[in-house]
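Visitor: Have a look at this one.
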Amino acid sequence: MKTLKVACLLFAASAFVSAGDVQTFHGEISDTQCAMNIHSLTRSHQEMIKKQTFGRDAASCAKECVRRGGEWALRNGDEVYHLKNPEGVQQFAGQKVKVSGTLDAATHTIDNISIEASGEKASTW
């Protein structure tokens with residue numbers, strides 16, 4: 001019985017450690033195509049907006065890029081994080097946000113638990 005208790009305790013502890021710590025990340029909701037230089041040399045929506053290619057603002061550009069195969073991302077300067085859970089992200093497209101979740105540093109992916117607007121005006125990165 002004591003061995004079973006120790007095994008259960010070790011299992012619970014290992015599950016907690018592997019789950020990672022919930023962190024808060026700040027940035028702008030973007031798409032991987034613009035944020036990672038796939039079709040934007042400046043890593044921004046501004047290039048696409050100026051050319052009138054994919055939208056009239058950061059939000060419509062990000063939505064169109066995701067519709068065309070990109071993925072949702074959080075961008076803070078040169079840092080770009082993939083967002084694992086796409087549900088509800090679209091409503092924050094082009095906005096500055098706070099994302100809570102766990103980071104997989106190997107893949108630069110945030111397992112996002114929640115997203116909320118930060119109240120800051122989005123930049124023109």
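By convention in this document, the chains of the structure tokens carry letters A, B, ... by their order, each chain's residues are numbered from 1, and ligands are numbered from 1 in the order they are shown.
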Within 9 Å of Glu28 of chain A, counting only C-alpha atoms, which residues show up once you throw out same-chain ones fewer than 2 positions away? Write them as a ChimeraX atom specification, please.

Guide: /A:26,30,73-76,92-98,122-123

Visitor: Which residues, written as number ranges by chain, have at least one atom at most 9 Å from His108 of chain A, with only C-alpha atoms counted and residues fewer than 5 positions away on the same chain left out?

Guide: A: 80-83, 103

Visitor: Which residue gives the smallest distance to Cys34 of chain A among A:Val22, A:Gly119, A:Gly70, A:Ser60, with only C-alpha atoms counted?

Guide: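 Closest to Cys34 of chain A of all the choices is A:Gly70.
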
Visitor: Got a sec: who's within 8 Å of Phe54 of chain A, counting only C-alpha atoms, leaving out chain neighbours fewer than 6 positions off, as a ChimeraX atom specification?

Guide: /A:48,60-61,64-65

Visitor: So that I can check the surroundings of Gly101 of chain A, please list as a ChimeraX atom specification every protein, DNA and RNA residue that reaches within 10 Å of it, counting only C-alpha atoms and ignoring chain neighbours fewer than 2 positions away.

Guide: /A:20-25,83-84,98-99,103-104,109-115

Visitor: Store the residues picked out above, limited to N, CA and C atoms, as a tab-separated table (two decimals), in the first residue's frame.

Guide:
```tsv
chain	number	residue	atom	x	y	z
A	20	GLY	N	4.33	22.42	-17.10
A	20	GLY	CA	4.92	23.73	-17.24
A	20	GLY	C	4.16	24.77	-16.44
A	21	ASP	N	4.83	25.88	-16.24
A	21	ASP	CA	4.23	26.97	-15.48
A	21	ASP	C	3.46	27.88	-16.41
A	22	VAL	N	2.31	28.32	-15.96
A	22	VAL	CA	1.53	29.28	-16.73
A	22	VAL	C	2.24	30.63	-16.65
A	23	GLN	N	2.44	31.22	-17.79
A	23	GLN	CA	3.11	32.52	-17.89
A	23	GLN	C	2.21	33.50	-18.62
A	24	THR	N	2.56	34.77	-18.54
A	24	THR	CA	1.83	35.80	-19.28
A	24	THR	C	2.76	36.36	-20.35
A	25	PHE	N	2.26	36.43	-21.56
A	25	PHE	CA	3.01	36.95	-22.70
A	25	PHE	C	2.27	38.17	-23.25
A	83	LEU	N	0.49	30.05	-31.61
A	83	LEU	CA	-0.56	29.85	-30.61
A	83	LEU	C	-1.21	28.49	-30.88
A	84	LYS	N	-1.14	27.63	-29.89
A	84	LYS	CA	-1.61	26.25	-30.06
A	84	LYS	C	-3.13	26.16	-30.21
A	98	LYS	N	-2.70	40.33	-23.88
A	98	LYS	CA	-1.99	39.54	-22.87
A	98	LYS	C	-2.47	38.11	-23.06
A	99	VAL	N	-1.53	37.18	-23.23
A	99	VAL	CA	-1.86	35.77	-23.41
A	99	VAL	C	-1.31	35.01	-22.22
A	103	LEU	N	4.59	27.71	-22.24
A	103	LEU	CA	5.48	27.82	-23.40
A	103	LEU	C	6.22	26.52	-23.64
A	104	ASP	N	6.19	26.06	-24.87
A	104	ASP	CA	7.06	24.98	-25.32
A	104	ASP	C	8.23	25.67	-26.01
A	109	THR	N	6.01	27.62	-29.11
A	109	THR	CA	4.56	27.55	-29.15
A	109	THR	C	3.99	27.78	-27.76
A	110	ILE	N	2.96	28.62	-27.68
A	110	ILE	CA	2.26	28.86	-26.43
A	110	ILE	C	0.98	28.05	-26.44
A	111	ASP	N	0.80	27.22	-25.43
A	111	ASP	CA	-0.47	26.52	-25.24
A	111	ASP	C	-1.36	27.52	-24.50
A	112	ASN	N	-2.04	28.35	-25.27
A	112	ASN	CA	-2.76	29.49	-24.71
A	112	ASN	C	-4.04	29.05	-23.99
A	113	ILE	N	-4.16	29.56	-22.77
A	113	ILE	CA	-5.32	29.30	-21.92
A	113	ILE	C	-6.31	30.44	-22.05
A	114	SER	N	-5.79	31.67	-22.05
A	114	SER	CA	-6.67	32.83	-22.16
A	114	SER	C	-5.97	33.96	-22.91
A	115	ILE	N	-6.80	34.80	-23.52
A	115	ILE	CA	-6.31	35.99	-24.21
A	115	ILE	C	-7.22	37.14	-23.84
```
